[in-house]
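Content type compact mmCIF, C-alpha atoms and all ligand atoms, from the file entry33.txt:
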# COMPACT_ATOMS: atom_id res chain seq x y z
CA MET A 14 17.34 4.55 17.69
CA VAL A 15 15.33 3.90 14.54
CA LEU A 16 14.17 0.43 13.57
CA ALA A 17 14.94 -0.66 17.10
CA GLU A 18 12.88 -3.81 16.80
CA LEU A 19 14.58 -4.90 13.59
CA GLY A 20 17.97 -4.15 15.11
CA GLN A 21 17.19 -6.25 18.18
CA LYS A 22 16.06 -9.19 16.10
CA LEU A 23 19.12 -9.03 13.85
CA THR A 24 21.56 -8.84 16.74
CA GLY A 25 19.64 -11.61 18.47
CA ALA A 26 20.12 -13.84 15.43
CA LEU A 27 23.81 -12.97 15.15
CA ARG A 28 24.32 -13.73 18.83
CA LYS A 29 23.46 -17.34 18.03
CA LEU A 30 26.65 -17.37 15.98
CA GLN A 31 28.73 -16.25 18.93
CA ASN A 32 27.12 -18.76 21.26
CA ALA A 33 27.43 -21.78 18.98
CA THR A 34 30.39 -24.05 19.76
CA VAL A 35 30.87 -24.88 16.11
CA VAL A 36 29.57 -22.82 13.23
CA ASP A 37 28.28 -25.32 10.70
CA GLU A 38 25.65 -25.27 8.00
CA GLU A 39 22.95 -26.11 10.52
CA VAL A 40 23.76 -23.05 12.65
CA LEU A 41 24.04 -20.84 9.59
CA LYS A 42 20.64 -21.95 8.42
CA LYS A 43 19.05 -21.09 11.75
CA VAL A 44 20.71 -17.68 11.84
CA LEU A 45 19.75 -16.87 8.26
CA ASN A 46 16.17 -17.94 8.84
CA GLU A 47 15.91 -15.62 11.79
CA ILE A 48 17.47 -12.75 9.87
CA SER A 49 15.08 -13.37 6.97
CA MET A 50 12.06 -13.37 9.27
CA ALA A 51 13.15 -10.11 10.84
CA LEU A 52 13.64 -8.45 7.44
CA LEU A 53 10.33 -9.70 6.09
CA GLN A 54 8.53 -8.43 9.19
CA SER A 55 10.08 -5.04 8.49
CA ASP A 56 8.44 -5.29 5.05
CA VAL A 57 11.65 -5.80 3.08
CA ASN A 58 10.94 -7.26 -0.35
CA VAL A 59 11.08 -11.04 -0.40
CA LYS A 60 13.36 -10.96 -3.46
CA PHE A 61 16.06 -9.07 -1.54
CA VAL A 62 15.76 -11.39 1.40
CA LYS A 63 16.22 -14.44 -0.76
CA LYS A 64 19.23 -12.91 -2.50
CA LEU A 65 20.81 -12.08 0.84
CA LYS A 66 20.30 -15.63 2.05
CA ASP A 67 21.72 -17.17 -1.13
CA ASN A 68 24.76 -14.88 -1.22
CA ILE A 69 25.70 -15.53 2.38
CA THR A 70 25.21 -19.28 2.05
CA MET A 71 27.46 -19.26 -1.01
CA GLN A 72 30.18 -17.34 0.81
CA PHE A 73 29.94 -19.78 3.69
CA LYS A 74 30.37 -22.76 1.40
CA LEU A 75 33.32 -21.17 -0.38
CA ASN A 76 35.08 -20.61 2.91
CA GLU A 77 33.98 -23.64 4.89
CA GLN A 78 37.14 -25.59 4.18
CA THR A 79 39.65 -22.74 4.32
CA GLY A 80 39.85 -22.45 8.09
CA ASN A 81 38.90 -18.75 7.95
CA SER A 82 36.87 -17.54 10.88
CA LEU A 83 33.34 -18.30 9.81
CA ARG A 84 31.74 -16.24 12.55
CA LYS A 85 33.50 -13.12 11.38
CA LEU A 86 32.89 -13.96 7.76
CA ILE A 87 29.15 -14.34 8.25
CA LEU A 88 28.87 -11.17 10.30
CA GLN A 89 30.74 -9.23 7.63
CA ALA A 90 28.67 -10.78 4.87
CA VAL A 91 25.41 -9.85 6.60
CA ALA A 92 26.61 -6.27 7.06
CA ALA A 93 27.80 -6.08 3.45
CA GLU A 94 24.57 -7.49 2.03
CA LEU A 95 22.39 -5.09 4.04
CA THR A 96 24.63 -2.16 3.12
CA GLY A 97 24.41 -3.14 -0.55
CA MET A 98 20.65 -3.30 -0.27
CA LEU A 99 20.50 0.30 1.00
CA SER A 100 23.19 1.79 -1.22
CA VAL A 101 22.88 3.69 -4.44
CA ASP A 102 25.82 4.35 -6.74
CA ARG A 103 24.95 7.95 -7.49
CA LYS A 104 26.45 10.59 -5.23
CA PRO A 105 23.74 12.86 -3.82
CA PHE A 106 23.65 16.64 -4.06
CA GLU A 107 25.23 18.70 -1.29
CA PRO A 108 24.74 22.45 -1.06
CA LYS A 109 27.88 24.43 -1.75
CA LYS A 110 29.06 27.33 0.41
CA GLY A 111 29.36 30.74 -1.24
CA LYS A 112 26.84 29.85 -3.95
CA VAL A 113 23.06 30.04 -4.28
CA ASN A 114 21.54 26.58 -3.82
CA VAL A 115 17.83 26.29 -4.55
CA VAL A 116 16.19 23.17 -3.17
CA MET A 117 12.57 22.19 -3.78
CA PHE A 118 10.69 19.75 -1.53
CA VAL A 119 7.96 17.54 -3.00
CA GLY A 120 5.80 14.71 -1.67
CA LEU A 121 2.27 13.75 -0.71
CA GLN A 122 0.30 15.72 1.87
CA GLY A 123 1.10 14.63 5.38
CA SER A 124 4.37 12.97 4.43
CA GLY A 125 6.28 15.47 6.54
CA LYS A 126 7.49 18.02 3.97
CA THR A 127 6.98 21.18 5.98
CA THR A 128 8.49 19.67 9.10
CA THR A 129 11.40 18.21 7.14
CA CYS A 130 12.06 21.51 5.32
CA THR A 131 12.50 23.14 8.69
CA LYS A 132 14.74 20.36 10.02
CA PHE A 133 16.79 20.51 6.83
CA ALA A 134 17.09 24.30 7.04
CA SER A 135 18.14 24.08 10.66
CA TYR A 136 20.70 21.34 9.89
CA TRP A 137 22.45 23.46 7.25
CA GLN A 138 22.17 26.59 9.30
CA ARG A 139 24.15 24.81 12.01
CA LYS A 140 26.74 24.16 9.29
CA ASN A 141 26.92 27.93 8.78
CA PHE A 142 24.88 28.22 5.61
CA ARG A 143 22.79 31.36 5.15
CA THR A 144 19.47 29.55 4.93
CA CYS A 145 15.86 30.59 4.24
CA LEU A 146 12.43 29.05 3.61
CA VAL A 147 9.76 29.75 0.98
CA CYS A 148 6.18 28.52 1.44
CA ALA A 149 4.70 27.69 -1.98
CA ASP A 150 1.82 25.68 -0.52
CA THR A 151 -1.37 27.63 -1.21
CA PHE A 152 -3.55 24.56 -1.14
CA ARG A 153 -3.64 23.52 2.49
CA ALA A 154 -5.31 25.95 4.88
CA GLY A 155 -2.83 27.32 7.37
CA ALA A 156 0.19 26.06 5.45
CA PHE A 157 1.92 29.44 5.56
CA ASP A 158 1.25 29.83 9.28
CA GLN A 159 2.74 26.40 9.94
CA LEU A 160 5.93 27.21 8.05
CA LYS A 161 6.09 30.63 9.67
CA GLN A 162 5.85 29.14 13.15
CA ASN A 163 8.48 26.52 12.36
CA ALA A 164 10.85 29.03 10.79
CA THR A 165 10.47 31.40 13.71
CA LYS A 166 11.28 28.63 16.20
CA VAL A 167 14.57 27.84 14.50
CA ARG A 168 15.20 31.50 13.62
CA ILE A 169 15.27 31.18 9.86
CA PRO A 170 14.00 33.90 7.48
CA PHE A 171 10.89 32.90 5.51
CA TYR A 172 8.75 34.04 2.62
CA GLY A 173 5.06 33.44 1.87
CA SER A 174 1.77 35.15 1.21
CA TYR A 175 -1.75 35.14 2.67
CA SER A 176 -3.34 36.61 -0.46
CA GLU A 177 -1.50 35.14 -3.44
CA VAL A 178 -3.11 31.90 -4.61
CA ASP A 179 -0.68 30.94 -7.35
CA PRO A 180 2.08 28.74 -5.90
CA VAL A 181 4.25 29.29 -8.97
CA ALA A 182 4.17 33.07 -8.49
CA ILE A 183 5.03 32.80 -4.77
CA ALA A 184 7.87 30.36 -5.37
CA LYS A 185 9.33 32.60 -8.04
CA GLU A 186 9.02 35.80 -6.01
CA GLY A 187 10.43 34.21 -2.89
CA VAL A 188 13.42 32.70 -4.62
CA THR A 189 14.15 35.92 -6.54
CA GLN A 190 14.00 38.03 -3.40
CA PHE A 191 16.23 35.71 -1.34
CA LYS A 192 18.71 35.42 -4.20
CA LYS A 193 19.01 39.21 -4.23
CA GLU A 194 19.62 39.18 -0.50
CA GLY A 195 22.51 36.77 -0.93
CA PHE A 196 21.16 33.63 0.73
CA GLU A 197 23.12 30.44 0.10
CA LEU A 198 20.41 27.85 0.66
CA ILE A 199 16.85 28.64 -0.46
CA ILE A 200 14.38 25.90 0.48
CA VAL A 201 11.00 25.82 -1.24
CA ASP A 202 8.15 23.90 0.42
CA THR A 203 5.31 22.84 -1.90
CA SER A 204 1.78 21.54 -1.43
CA GLY A 205 1.05 17.84 -1.33
CA ARG A 206 -2.68 17.65 -2.02
CA HIS A 207 -4.06 14.19 -1.41
CA LYS A 208 -3.11 11.26 -3.54
CA GLN A 209 -1.00 11.35 -6.63
CA GLU A 210 -3.41 13.62 -8.43
CA ASP A 211 -2.67 14.93 -11.87
CA ASP A 212 -3.15 18.47 -10.54
CA LEU A 213 -0.44 18.03 -7.96
CA PHE A 214 1.99 16.72 -10.54
CA GLU A 215 1.18 19.55 -12.92
CA GLU A 216 1.69 22.14 -10.18
CA MET A 217 5.00 20.57 -9.20
CA ILE A 218 6.21 20.67 -12.78
CA GLN A 219 5.25 24.36 -13.11
CA VAL A 220 7.02 25.33 -9.87
CA GLU A 221 10.07 23.39 -10.95
CA LYS A 222 10.10 25.20 -14.31
CA ALA A 223 9.76 28.59 -12.64
CA ILE A 224 12.51 28.28 -10.01
CA LYS A 225 14.87 25.81 -11.71
CA PRO A 226 15.99 24.16 -8.47
CA ASP A 227 19.49 22.73 -8.10
CA GLU A 228 17.91 19.81 -6.29
CA VAL A 229 14.45 18.30 -5.88
CA ILE A 230 14.04 16.38 -2.64
CA PHE A 231 11.25 13.86 -2.36
CA VAL A 232 9.86 13.39 1.14
CA MET A 233 8.18 10.09 1.90
CA ASP A 234 6.43 8.63 4.93
CA SER A 235 8.00 5.28 5.86
CA SER A 236 4.77 3.76 7.16
CA ILE A 237 3.78 2.40 3.75
CA GLY A 238 6.81 0.11 3.69
CA GLN A 239 7.82 -1.35 0.36
CA ALA A 240 4.92 0.42 -1.37
CA CYS A 241 7.38 3.33 -1.33
CA TYR A 242 8.86 1.82 -4.47
CA ASP A 243 5.93 2.71 -6.75
CA GLN A 244 5.43 6.11 -5.17
CA ALA A 245 9.07 7.07 -5.56
CA LEU A 246 9.02 6.01 -9.21
CA ALA A 247 5.86 8.03 -9.91
CA PHE A 248 7.38 11.21 -8.50
CA LYS A 249 10.64 10.58 -10.28
CA LYS A 250 8.77 10.42 -13.56
CA ALA A 251 7.12 13.81 -13.01
CA VAL A 252 10.01 15.90 -11.68
CA LYS A 253 13.76 15.52 -11.45
CA VAL A 254 13.99 13.93 -8.02
CA GLY A 255 17.64 14.03 -6.93
CA SER A 256 17.37 12.56 -3.45
CA VAL A 257 14.90 11.24 -0.93
CA ILE A 258 14.26 11.88 2.75
CA ILE A 259 12.27 9.19 4.54
CA THR A 260 10.28 10.37 7.54
CA LYS A 261 8.68 8.88 10.64
CA LEU A 262 11.21 6.10 10.97
CA ASP A 263 10.90 6.54 14.73
CA GLY A 264 7.52 4.87 14.87
CA HIS A 265 7.12 2.39 12.08
CA ALA A 266 7.92 -1.26 11.90
CA LYS A 267 7.92 -1.17 8.12
CA GLY A 268 10.91 1.16 7.92
CA GLY A 269 13.28 -1.47 6.59
CA GLY A 270 10.97 -2.02 3.65
CA ALA A 271 10.70 1.70 2.95
CA LEU A 272 14.47 2.21 2.99
CA SER A 273 15.29 -0.74 0.76
CA ALA A 274 12.44 0.04 -1.66
CA VAL A 275 13.65 3.59 -2.18
CA ALA A 276 17.24 2.49 -2.68
CA ALA A 277 15.94 0.10 -5.33
CA THR A 278 14.69 3.08 -7.35
CA GLU A 279 18.31 4.31 -7.49
CA SER A 280 17.50 7.50 -5.61
CA PRO A 281 19.97 8.21 -2.82
CA ILE A 282 18.47 8.59 0.65
CA THR A 283 20.22 11.54 2.25
CA PHE A 284 18.44 11.97 5.57
CA ILE A 285 15.88 10.19 7.70
CA GLY A 286 13.26 11.79 9.93
CA VAL A 287 13.26 10.25 13.38
CA GLY A 288 10.82 12.39 15.36
CA GLU A 289 8.73 15.53 15.45
CA HIS A 290 11.37 17.88 16.82
CA PHE A 291 13.55 20.00 14.59
CA ASN A 292 16.65 18.17 15.73
CA ASP A 293 15.22 14.79 14.78
CA LEU A 294 16.87 14.51 11.39
CA GLU A 295 19.72 12.06 10.85
CA LYS A 296 22.12 12.08 7.96
CA PHE A 297 21.77 8.74 6.24
CA GLU A 298 24.77 6.69 5.16
CA ALA A 299 24.05 3.06 4.37
CA GLU A 300 27.19 1.54 5.89
CA SER A 301 27.07 3.51 9.09
CA PHE A 302 23.34 2.86 9.43
CA VAL A 303 23.71 -0.90 9.01
CA ASN A 304 26.67 -1.10 11.39
CA ARG A 305 24.65 0.65 14.05
CA LEU A 306 21.62 -1.50 13.36
CA LEU A 307 23.78 -4.58 13.95
CA GLY A 308 25.22 -3.04 17.11
CA LEU A 309 28.67 -2.72 15.56
CA GLY A 310 28.83 1.04 16.14
CA ASP A 311 30.54 3.66 14.04
CA LEU A 312 33.77 5.00 15.48
CA ARG A 313 34.29 7.63 12.82
CA LYS A 314 30.91 9.19 13.58
CA LEU A 315 31.54 8.90 17.29
CA PHE A 316 34.72 10.97 17.00
CA ASP A 317 33.10 13.45 14.63
CA THR A 318 30.30 13.99 17.11
CA ILE A 319 32.69 14.39 20.02
CA LYS A 320 34.42 17.07 17.98
CA GLU A 321 31.07 18.79 17.66
CA ILE A 322 30.43 18.58 21.38
CA VAL A 323 33.79 20.02 22.30
CA PRO A 324 34.42 22.75 19.73
CA GLU A 325 37.73 23.10 17.93
CA GLY A 326 40.24 25.06 19.99
CA GLN A 327 38.68 24.03 23.28
CA GLN A 328 39.58 20.37 23.10
CA GLU A 329 43.03 20.67 24.61
CA GLN A 330 41.79 22.94 27.30
CA PHE A 331 38.98 20.49 28.02
CA LEU A 332 41.38 17.55 28.35
CA GLU A 333 43.76 19.60 30.48
CA LYS A 334 40.94 20.50 32.83
CA LEU A 335 39.90 16.88 33.12
CA ALA A 336 43.48 15.70 33.66
CA THR A 337 44.27 18.22 36.36
CA GLY A 338 40.99 17.87 38.19
CA ASN A 339 39.98 21.43 37.45
CA PHE A 340 36.73 20.45 35.86
CA ARG A 341 34.08 22.74 37.34
CA LEU A 342 30.32 22.57 37.48
CA LYS A 343 30.25 25.35 34.89
CA ASP A 344 32.36 23.23 32.50
CA LEU A 345 29.97 20.35 32.97
CA GLN A 346 27.08 22.65 32.14
CA THR A 347 28.82 23.71 28.92
CA GLN A 348 29.29 20.07 27.93
CA TYR A 349 25.69 19.20 28.70
CA ASN A 350 24.45 22.12 26.63
CA SER A 351 26.51 20.94 23.67
CA ILE A 352 25.25 17.40 24.09
CA LEU A 353 21.67 18.63 24.00
CA ASN A 354 22.46 20.40 20.73
CA ILE A 355 23.85 17.42 18.83
CA GLY A 356 20.49 15.78 18.24
CA PRO A 357 19.04 12.51 19.46
CA LEU A 358 21.08 11.12 22.32
CA ASN A 359 20.35 7.49 21.46
CA GLN A 360 21.77 8.14 18.01
CA PHE A 361 25.01 9.29 19.58
CA MET A 362 25.14 6.25 21.86
CA SER A 363 24.55 3.93 18.91
CA PHE A 364 27.88 5.03 17.41
CA ILE A 365 29.59 3.17 20.24
CA PRO A 366 30.26 -0.46 19.22
CA GLY A 367 28.28 -2.96 21.25
CA ILE A 368 26.05 -0.35 22.85
CA GLY A 369 23.55 0.40 20.08
CA ASN A 370 20.95 -2.22 20.62
CA MET A 371 21.42 -2.60 24.34
CA LEU A 372 19.68 0.73 24.79
CA GLN A 373 16.62 -0.23 22.85
CA GLY A 374 13.38 -0.18 24.64
CA GLN A 375 15.11 0.86 27.81
CA ALA A 376 15.24 4.31 29.31
CA ASN A 377 12.88 6.55 27.51
CA GLU A 378 15.14 9.02 25.71
CA LYS A 379 12.92 12.03 26.32
CA GLU A 380 12.98 11.32 30.05
CA GLY A 381 16.76 11.16 29.93
CA ILE A 382 17.01 14.49 28.17
CA LYS A 383 14.62 16.04 30.65
CA LYS A 384 16.86 14.87 33.47
CA ILE A 385 19.96 16.35 31.83
CA ARG A 386 18.13 19.66 31.36
CA ARG A 387 17.10 19.71 34.99
P1 LIG B 1 3.33 17.88 4.93
O1 LIG B 1 1.85 17.88 4.72
O2 LIG B 1 4.03 16.96 3.96
O3 LIG B 1 3.92 19.25 4.91
O4 LIG B 1 3.60 17.24 6.38
P2 LIG B 1 3.88 17.97 7.77
O5 LIG B 1 5.27 18.48 7.80
O6 LIG B 1 2.80 18.93 8.07
O7 LIG B 1 3.85 16.71 8.76
C1 LIG B 1 2.72 15.91 8.99
C2 LIG B 1 2.81 15.30 10.39
O8 LIG B 1 3.88 14.37 10.45
C3 LIG B 1 3.10 16.32 11.48
O9 LIG B 1 2.29 16.02 12.58
C4 LIG B 1 4.56 16.12 11.80
O10 LIG B 1 4.87 16.48 13.12
C5 LIG B 1 4.72 14.64 11.56
N1 LIG B 1 6.12 14.25 11.24
C6 LIG B 1 6.90 14.71 10.23
N2 LIG B 1 8.10 14.08 10.24
C7 LIG B 1 8.09 13.20 11.27
C8 LIG B 1 9.04 12.23 11.79
O11 LIG B 1 10.15 12.03 11.29
N3 LIG B 1 8.62 11.50 12.87
C9 LIG B 1 7.39 11.66 13.43
N4 LIG B 1 7.08 10.91 14.50
N5 LIG B 1 6.48 12.55 12.97
C10 LIG B 1 6.82 13.31 11.91
MG MG B 2 3.14 21.06 4.33

Serialized structure, structure tokens:
Amino acid sequence: MVLAELGQKLTGALRKLQNATVVDEEVLKKVLNEISMALLQSDVNVKFVKKLKDNITMQFKLNEQTGNSLRKLILQAVAAELTGMLSVDRKPFEPKKGKVNVVMFVGLQGSGKTTTCTKFASYWQRKNFRTCLVCADTFRAGAFDQLKQNATKVRIPFYGSYSEVDPVAIAKEGVTQFKKEGFELIIVDTSGRHKQEDDLFEEMIQVEKAIKPDEVIFVMDSSIGQACYDQALAFKKAVKVGSVIITKLDGHAKGGGALSAVAATESPITFIGVGEHFNDLEKFEAESFVNRLLGLGDLRKLFDTIKEIVPEGQQEQFLEKLATGNFRLKDLQTQYNSILNIGPLNQFMSFIPGIGNMLQGQANEKEGIKKIRR
């Protein structure tokens, strides 16, 4: 699970509420201080943290005399404040079936664009979109080979060139060709160069002009924490960034800061990168994310995922087999194979209320998956 450390600290603080015999201002203060510390250590902006503290204290005071359950009230207020911090009003773009959707990826070099393009392509391919990849990075040596290897691994058609040096020309040719071939989702990977150079921004603007994407996705590495705010704004100024994907949330303690900083720029976060494998991409929804972070689970997602594991039409048969004791080794194998296809196993477990944070730090997930495979 991402931001495991933050999640553990937050649930630890909230547990104090459950354990206290009486919830009074003293207890609230202790809990809020712990929550604040945890958020600040995750690099969340101090302004947000203060606002969260003030809002919850105010709610507590308003309800102190009413006899309402204060424990529940505080828990709900914490969840609501964190969700608000990560939410953006604007609804993000979603590719539409039966239509050509051109999506352009931008971001600094090393932020994870090429990897994320492939994860994104694979995600939508699993949702039955006819998907393809275009490599418009002519700057980095071996960029085309990297995309080619990735695309081949997830079996997605790709376009690129070893000889053409003009990224605008490649992007245009690739998109035109795939459009002709009737692809529904055309994903264009661009170069990142080094820092926010003028050249990079100029190139991005030219590619954008040439292919007129339906959506520009900005990919950002979470390790810089709240510094994400300035970077996101700079890219937004240059091209029409519609949504953001934040990567490497599996390894960085500053992830909370990155997420809240991006939300503050009013760009919706649509996915988060949680590892180097092509399955390690999670759809991001603020409320669900916060509930899981606080160990409250997400039943809707749990049931959706179960539906994915046991495909439509087979569910009744599956239950019947279980009920009558006719569940064979072969059926178990089928289930395991589906489980391995749904993505990170810890993510699935975190949908279950009360489980989420108990798994943290325990059982290495990769080891677990290896065991299932065996
Ligand atoms: P690009 O220069 O923006 O195209 O970045 P790449 O896609 O080449 O990625 C740079 C490095 O980051 C590679 O080693 C990737 O495997 C790694 N990477 C990308 N996304 C993630 C992620 O979500 N988690 C982790 N741990 N590594 C990632
Ligand atoms: Mg790249």

Discussion item. Residues contacting ligand MG 2 (chain B) - anything with an atom at most 7 Å away, using all atoms listed in the file - can you give me those as a count of residues only?
Written reply: 11

Item to complete: Could you give me the residues within 9 Å of ligand LIG 1 (chain B), counting all atoms listed in the file, as number ranges by chain?
Response: A: 119-131, 150, 153, 156, 159-160, 202-206, 232-235, 259-265, 285-290, 293-294

Discussion item. Residues near Glu194 (chain A), anyone? I mean within 12 Å using all atoms listed in the file, not counting same-chain ones fewer than 3 positions away, as a PyMOL selection string.
Written reply: chain A and resi 113+143-145+170+187-191+197-199

Worksheet item: Could you pull the residues within 9 Å of Tyr242 (chain A), counting only C-alpha atoms, minus those fewer than 4 positions along the same chain, as number ranges by chain?
Response: A: 238, 246-247, 271, 273-278

Fill in: Between CA of Ile48 (chain A) and CA of Val62 (chain A) - distance in Å to one decimal
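Between CA of Val62 (chain A) and CA of Ile48 (chain A) the gap is 8.7 Å.
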
Worksheet entry | Atom-to-atom span, CA of Lys64 (chain A) and CA of Ala90 (chain A), Å |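 Between these atoms lies a distance of 12.2 Å.
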
Fill in: Proximity to Val101 (chain A) - best of A:Glu298, A:Lys166, A:Asp56, A:Ala33, only C-alpha atoms
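Counting only C-alpha atoms, the residue closest to Val101 (chain A) is A:Glu298.
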
Fill in: For Asp102 (chain A): contacts at 9 Å, all atoms listed in the file, fewer than 6 positions along chain excluded, given as a list of chain:residue names
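Everything that qualifies: A:Glu279, A:Ser280, A:Pro281.
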
Practice prompt. Find, counting all atoms listed in the file, the residue in A:Glu295, A:Leu52, A:Ile183, A:Asn114 that gets nearest to Ala26 (chain A).
Written response: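 The closest residue to Ala26 (chain A) is A:Leu52.
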
Which protein, DNA or RNA residues have an atom at most 12 Å from (38.0, 18.6, 28.9), counting only C-alpha atoms? List them as an mmCIF file with C-alpha atoms, in the frame of the given file.
data_model
loop_
_atom_site.group_PDB
_atom_site.id
_atom_site.type_symbol
_atom_site.label_atom_id
_atom_site.label_comp_id
_atom_site.auth_asym_id
_atom_site.auth_seq_id
_atom_site.Cartn_x
_atom_site.Cartn_y
_atom_site.Cartn_z
ATOM 1 C CA ILE A 319 32.690 14.390 20.020
ATOM 2 C CA LYS A 320 34.420 17.070 17.980
ATOM 3 C CA ILE A 322 30.430 18.580 21.380
ATOM 4 C CA VAL A 323 33.790 20.020 22.300
ATOM 5 C CA PRO A 324 34.420 22.750 19.730
ATOM 6 C CA GLU A 325 37.730 23.100 17.930
ATOM 7 C CA GLY A 326 40.240 25.060 19.990
ATOM 8 C CA GLN A 327 38.680 24.030 23.280
ATOM 9 C CA GLN A 328 39.580 20.370 23.100
ATOM 10 C CA GLU A 329 43.030 20.670 24.610
ATOM 11 C CA GLN A 330 41.790 22.940 27.300
ATOM 12 C CA PHE A 331 38.980 20.490 28.020
ATOM 13 C CA LEU A 332 41.380 17.550 28.350
ATOM 14 C CA GLU A 333 43.760 19.600 30.480
ATOM 15 C CA LYS A 334 40.940 20.500 32.830
ATOM 16 C CA LEU A 335 39.900 16.880 33.120
ATOM 17 C CA ALA A 336 43.480 15.700 33.660
ATOM 18 C CA THR A 337 44.270 18.220 36.360
ATOM 19 C CA GLY A 338 40.990 17.870 38.190
ATOM 20 C CA ASN A 339 39.980 21.430 37.450
ATOM 21 C CA PHE A 340 36.730 20.450 35.860
ATOM 22 C CA ARG A 341 34.080 22.740 37.340
ATOM 23 C CA LYS A 343 30.250 25.350 34.890
ATOM 24 C CA ASP A 344 32.360 23.230 32.500
ATOM 25 C CA LEU A 345 29.970 20.350 32.970
ATOM 26 C CA THR A 347 28.820 23.710 28.920
ATOM 27 C CA GLN A 348 29.290 20.070 27.930
#

Worksheet entry | Point-to-point distance in Å for CA of Ser174 (chain A) and CA of Cys148 (chain A) |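 One can read the CA of Cys148 (chain A) to CA of Ser174 (chain A) distance as 8.0 Å.
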
Worksheet entry | Residue neighbourhood Ala266 (chain A), 8 Å, all atoms listed in the file, exclusion window fewer than 3 positions, as a list in words |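 So, after excluding close chain neighbours, the residues are Leu16, Glu18, Leu19, Gln54, Ser55, Asp56, Ser236 and Gly269 of chain A.
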
Saved region 99-103 of chain A from the preceding structure, all heavy atoms, as an mmCIF file, in the first residue's frame:
data_model
loop_
_atom_site.group_PDB
_atom_site.id
_atom_site.type_symbol
_atom_site.label_atom_id
_atom_site.label_comp_id
_atom_site.auth_asym_id
_atom_site.auth_seq_id
_atom_site.Cartn_x
_atom_site.Cartn_y
_atom_site.Cartn_z
ATOM 1 N N LEU A 99 -7.414 16.623 -1.100
ATOM 2 C CA LEU A 99 -6.935 15.920 -2.296
ATOM 3 C C LEU A 99 -7.917 15.990 -3.455
ATOM 4 O O LEU A 99 -7.700 15.399 -4.502
ATOM 5 C CB LEU A 99 -6.667 14.446 -1.951
ATOM 6 C CG LEU A 99 -5.593 14.187 -0.910
ATOM 7 C CD1 LEU A 99 -5.469 12.700 -0.641
ATOM 8 C CD2 LEU A 99 -4.260 14.736 -1.390
ATOM 9 N N SER A 100 -9.023 16.711 -3.263
ATOM 10 C CA SER A 100 -10.050 16.733 -4.306
ATOM 11 C C SER A 100 -9.948 17.984 -5.165
ATOM 12 O O SER A 100 -9.506 19.028 -4.725
ATOM 13 C CB SER A 100 -11.444 16.699 -3.692
ATOM 14 O OG SER A 100 -11.614 15.525 -2.973
ATOM 15 N N VAL A 101 -10.408 17.818 -6.374
ATOM 16 C CA VAL A 101 -10.469 18.925 -7.321
ATOM 17 C C VAL A 101 -11.879 18.899 -7.911
ATOM 18 O O VAL A 101 -12.420 17.838 -8.158
ATOM 19 C CB VAL A 101 -9.410 18.707 -8.436
ATOM 20 C CG1 VAL A 101 -9.634 19.634 -9.594
ATOM 21 C CG2 VAL A 101 -8.013 18.877 -7.872
ATOM 22 N N ASP A 102 -12.466 20.061 -8.093
ATOM 23 C CA ASP A 102 -13.846 20.092 -8.573
ATOM 24 C C ASP A 102 -14.011 19.571 -10.004
ATOM 25 O O ASP A 102 -14.990 18.948 -10.336
ATOM 26 C CB ASP A 102 -14.400 21.531 -8.515
ATOM 27 C CG ASP A 102 -14.733 21.910 -7.080
ATOM 28 O OD1 ASP A 102 -14.918 20.969 -6.276
ATOM 29 O OD2 ASP A 102 -14.782 23.111 -6.758
ATOM 30 N N ARG A 103 -13.021 19.862 -10.822
ATOM 31 C CA ARG A 103 -13.142 19.524 -12.246
ATOM 32 C C ARG A 103 -13.136 18.011 -12.474
ATOM 33 O O ARG A 103 -12.334 17.293 -11.885
ATOM 34 C CB ARG A 103 -11.986 20.162 -13.010
ATOM 35 C CG ARG A 103 -12.151 20.175 -14.488
ATOM 36 C CD ARG A 103 -11.365 21.327 -15.098
ATOM 37 N NE ARG A 103 -9.968 21.339 -14.681
ATOM 38 C CZ ARG A 103 -9.027 20.582 -15.240
ATOM 39 N NH1 ARG A 103 -9.337 19.754 -16.207
ATOM 40 N NH2 ARG A 103 -7.781 20.666 -14.829
#
